[in-house]
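Since the structure comes first, as structure tokens, the remarks are kept for the end.
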Amino acid sequence: MSRMVRRHRWRERVKAMNVLVLGGTRFMGKHLVDELLREGHAVTVGSTSRTEVRYDREPEKLRLDRENAGSMLEAVQGRSWDVVYDMIGYSPDDARLACEAFAGRTRRFVFISSLSVYEPAEKAQAETDWLPYGYPATGTDRSSLGYAEGKRQSEAVLAGAEGMETIFVRPPFVIGEDDYTRRLHWHVDRIANGLEIGLPAPEARVQFIRSDEAGRFLGWLKTAPLSGPVNACSAGSIPLRELLELIGEATGRTPRITASVTDENASPYGVTGSWYMDHGKAEAAGYRFERLMDWLPGFVGRLAASRPRD
């Protein structure tokens, strides 16, 4: 039976749910919304965005400010959802507000965290390598902490939430044609133009997930038999040097890697050591991630072929 047919029949068996996606207006959040809509769920997108977003079908729009307690609490007053996804929580204050707004209003709260909660290591890190339970949440808003610490302390606050089940999804670098950060695009352009790329650790292994698969995985989590931290990544990792060589093959140019890192040439993937994860927890629960090297070379080739020519 094909994967498409299996997925279609699985969708038919899933009872329609009422789902809120905070910030589902672009990238993997948009893919999540489209996935939920295709499955026939009632989807509400909560955001401040006034930008017109094209979904597969039209979800309900809920205007709210994720960082403003009055806005959030007013928007959710008198409402409830089977599942809430938080794509735009970055600080312990954001997490505290989520607890206040959604405890008792949702069965399951799915928080998008990050690989960044782990320190670089020369192994595939499992969820148990960093756990939020009992971790001190001493920060406040987004300006009080860096990105990684903001995600750690957000998880710590949500780990103590009462009145709703919490899941913390930890993706690595998320890439796609719709990647608004354009970090991989940056590498393609630099190599195609014969420019240096500064890397402090070219042999460091990194990991990715495509934005559309991230959306599918998040959709699967609404009923998955999981809780707490969950790693979400394609199967496999790649040394940065090999990634740049893939781009070199696609562009017909030899990558110029330098250890002399400057503000101008610094790679957005310029990690100081290997940073990748083990996805065994999700796979043991029934999800099968795509293999990184089954799709990454083709994806890099499409990026190279689509870049504007001088």
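Ligands are numbered from 1 in the order shown, chains are lettered A, B, ... in the order of the structure tokens, and residues start at 1 in each chain.
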
Please provide as a ChimeraX atom specification all residues within 8 Å of A:Ala156, with the sequence filter that same-chain residues fewer than 3 positions apart are discarded (counting only C-alpha atoms).
/A:92,132-137,152-153,159-160

A:Ala305: which residues within 8 Å, counting only C-alpha atoms, same-chain residues fewer than 2 positions away excluded, as JSON, numbers by chain?
{"A": [250, 251, 301, 302, 303, 307]}

Which of stretch 89-142 of chain A fall in strand (DSSP E or B), as a ChimeraX atom specification:
/A:103,106-112,124-125

Let me make sure I understand: among A:Lys61, A:Arg205, A:Lys123, A:His279, which one has the smallest atom-to-atom distance to A:Arg170 if we use only C-alpha atoms?
A:His279

Could I get the residues of stretch 92-177 of chain A with an atom no further than 8 Å from an atom of stretch 214-229 of chain A, each paired with its nearest atom pair and that distance in Å to one decimal, using only C-alpha atoms, sorted by chain and residue number, as CSV?
residue,atom,partner,partner_atom,distance
A:Arg108,CA,A:Lys222,CA,7.5
A:Glu127,CA,A:Pro229,CA,5.9
A:Leu131,CA,A:Pro229,CA,7.5
A:Ala159,CA,A:Gly228,CA,7.4
A:Glu165,CA,A:Ser227,CA,7.1
A:Thr166,CA,A:Gly228,CA,6.0
A:Ile167,CA,A:Gly228,CA,4.5
A:Phe168,CA,A:Pro229,CA,4.5
A:Val169,CA,A:Pro229,CA,6.0
A:Arg170,CA,A:Pro229,CA,7.1
A:Pro171,CA,A:Ala214,CA,8.0
A:Val174,CA,A:Ala214,CA,7.9

Would you save the residues from that selection as a CSV table (one decimal), in the first residue's frame, using N, CA and C atoms?
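Written out: out38.csv:
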chain,number,residue,atom,x,y,z
A,108,ARG,N,-4.2,19.3,25.0
A,108,ARG,CA,-2.7,19.2,24.7
A,108,ARG,C,-2.2,20.5,24.1
A,127,GLU,N,16.5,13.0,23.9
A,127,GLU,CA,15.7,14.0,24.7
A,127,GLU,C,16.2,14.0,26.2
A,131,LEU,N,16.8,17.8,30.1
A,131,LEU,CA,15.4,17.8,30.5
A,131,LEU,C,15.0,19.1,31.2
A,159,ALA,N,6.7,22.7,31.6
A,159,ALA,CA,6.8,21.4,32.2
A,159,ALA,C,6.1,21.3,33.6
A,165,GLU,N,-1.8,18.8,29.0
A,165,GLU,CA,-0.6,18.0,28.6
A,165,GLU,C,0.3,18.8,27.7
A,166,THR,N,1.6,18.7,28.0
A,166,THR,CA,2.5,19.5,27.2
A,166,THR,C,3.5,18.7,26.5
A,167,ILE,N,3.8,19.1,25.2
A,167,ILE,CA,4.9,18.5,24.4
A,167,ILE,C,5.8,19.6,23.9
A,168,PHE,N,7.1,19.3,24.0
A,168,PHE,CA,8.1,20.3,23.5
A,168,PHE,C,8.8,19.7,22.3
A,169,VAL,N,8.6,20.3,21.2
A,169,VAL,CA,9.1,19.8,19.9
A,169,VAL,C,10.5,20.4,19.6
A,170,ARG,N,11.5,19.7,19.4
A,170,ARG,CA,12.9,20.2,19.3
A,170,ARG,C,13.4,19.9,17.8
A,171,PRO,N,13.2,20.8,16.9
A,171,PRO,CA,13.7,20.7,15.5
A,171,PRO,C,15.1,21.2,15.5
A,174,VAL,N,15.7,24.2,10.2
A,174,VAL,CA,14.5,23.9,9.3
A,174,VAL,C,14.8,24.6,8.0

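Distance check against A:Ala201 using only C-alpha atoms: of A:Tyr269, A:Tyr55, A:Phe109, A:Phe299, the minimum falls on A:Tyr269.
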
Which residues are near A:Ala101? Cut-off 8 Å, only C-alpha atoms, ignore same chain within fewer than 2 positions. Put them as JSON, numbers by chain.
{"A": [72, 73, 76, 97, 98, 99, 103, 105]}

Writing out the chosen residues with N, CA and C atoms as an mmCIF file, in the first residue's frame:
data_model
loop_
_atom_site.group_PDB
_atom_site.id
_atom_site.type_symbol
_atom_site.label_atom_id
_atom_site.label_comp_id
_atom_site.auth_asym_id
_atom_site.auth_seq_id
_atom_site.Cartn_x
_atom_site.Cartn_y
_atom_site.Cartn_z
ATOM 1 N N MET A 72 -4.096 38.280 24.633
ATOM 2 C CA MET A 72 -4.233 36.822 24.612
ATOM 3 C C MET A 72 -5.453 36.367 25.398
ATOM 4 N N LEU A 73 -5.589 36.853 26.619
ATOM 5 C CA LEU A 73 -6.672 36.378 27.481
ATOM 6 C C LEU A 73 -8.036 36.783 26.942
ATOM 7 N N VAL A 76 -8.989 34.396 23.889
ATOM 8 C CA VAL A 76 -9.355 33.005 24.166
ATOM 9 C C VAL A 76 -10.527 32.876 25.124
ATOM 10 N N LEU A 97 2.342 32.994 30.246
ATOM 11 C CA LEU A 97 1.082 33.469 29.672
ATOM 12 C C LEU A 97 0.318 32.316 29.030
ATOM 13 N N ALA A 98 1.029 31.397 28.390
ATOM 14 C CA ALA A 98 0.369 30.237 27.788
ATOM 15 C C ALA A 98 -0.320 29.388 28.855
ATOM 16 N N CYS A 99 0.348 29.202 29.975
ATOM 17 C CA CYS A 99 -0.266 28.431 31.063
ATOM 18 C C CYS A 99 -1.546 29.108 31.544
ATOM 19 N N ALA A 103 -4.465 26.577 30.149
ATOM 20 C CA ALA A 103 -4.737 25.508 31.124
ATOM 21 C C ALA A 103 -6.243 25.423 31.336
ATOM 22 N N ARG A 105 -8.300 24.959 28.940
ATOM 23 C CA ARG A 105 -8.946 25.274 27.660
ATOM 24 C C ARG A 105 -8.459 24.372 26.529
#

Which residues of stretch 130-243 of chain A come within 12 Å of stretch 62-70 of chain A, and for each one, what is the closest pair of atoms and their distance in Å to one decimal, counting only C-alpha atoms, sorted by chain and residue number, as a tab-separated table?
residue	atom	partner	partner_atom	distance
A:Thr140	CA	A:Glu67	CA	11.3
A:Asp141	CA	A:Glu67	CA	8.4
A:Arg142	CA	A:Glu67	CA	9.1
A:Ser143	CA	A:Glu67	CA	11.8

N, CA and C atoms of the current selection, written as a JSON list (two decimals), in the first residue's frame:
[["chain", "number", "residue", "atom", "x", "y", "z"],
["A", 140, "THR", "N", 12.59, 36.68, 32.09],
["A", 140, "THR", "CA", 11.26, 37.28, 31.92],
["A", 140, "THR", "C", 10.88, 37.26, 30.44],
["A", 141, "ASP", "N", 11.00, 38.43, 29.78],
["A", 141, "ASP", "CA", 10.55, 38.51, 28.40],
["A", 141, "ASP", "C", 11.67, 38.14, 27.43],
["A", 142, "ARG", "N", 11.40, 38.32, 26.14],
["A", 142, "ARG", "CA", 12.34, 37.87, 25.11],
["A", 142, "ARG", "C", 13.65, 38.63, 25.13],
["A", 143, "SER", "N", 13.64, 39.85, 25.63],
["A", 143, "SER", "CA", 14.87, 40.65, 25.65],
["A", 143, "SER", "C", 15.78, 40.27, 26.80]]
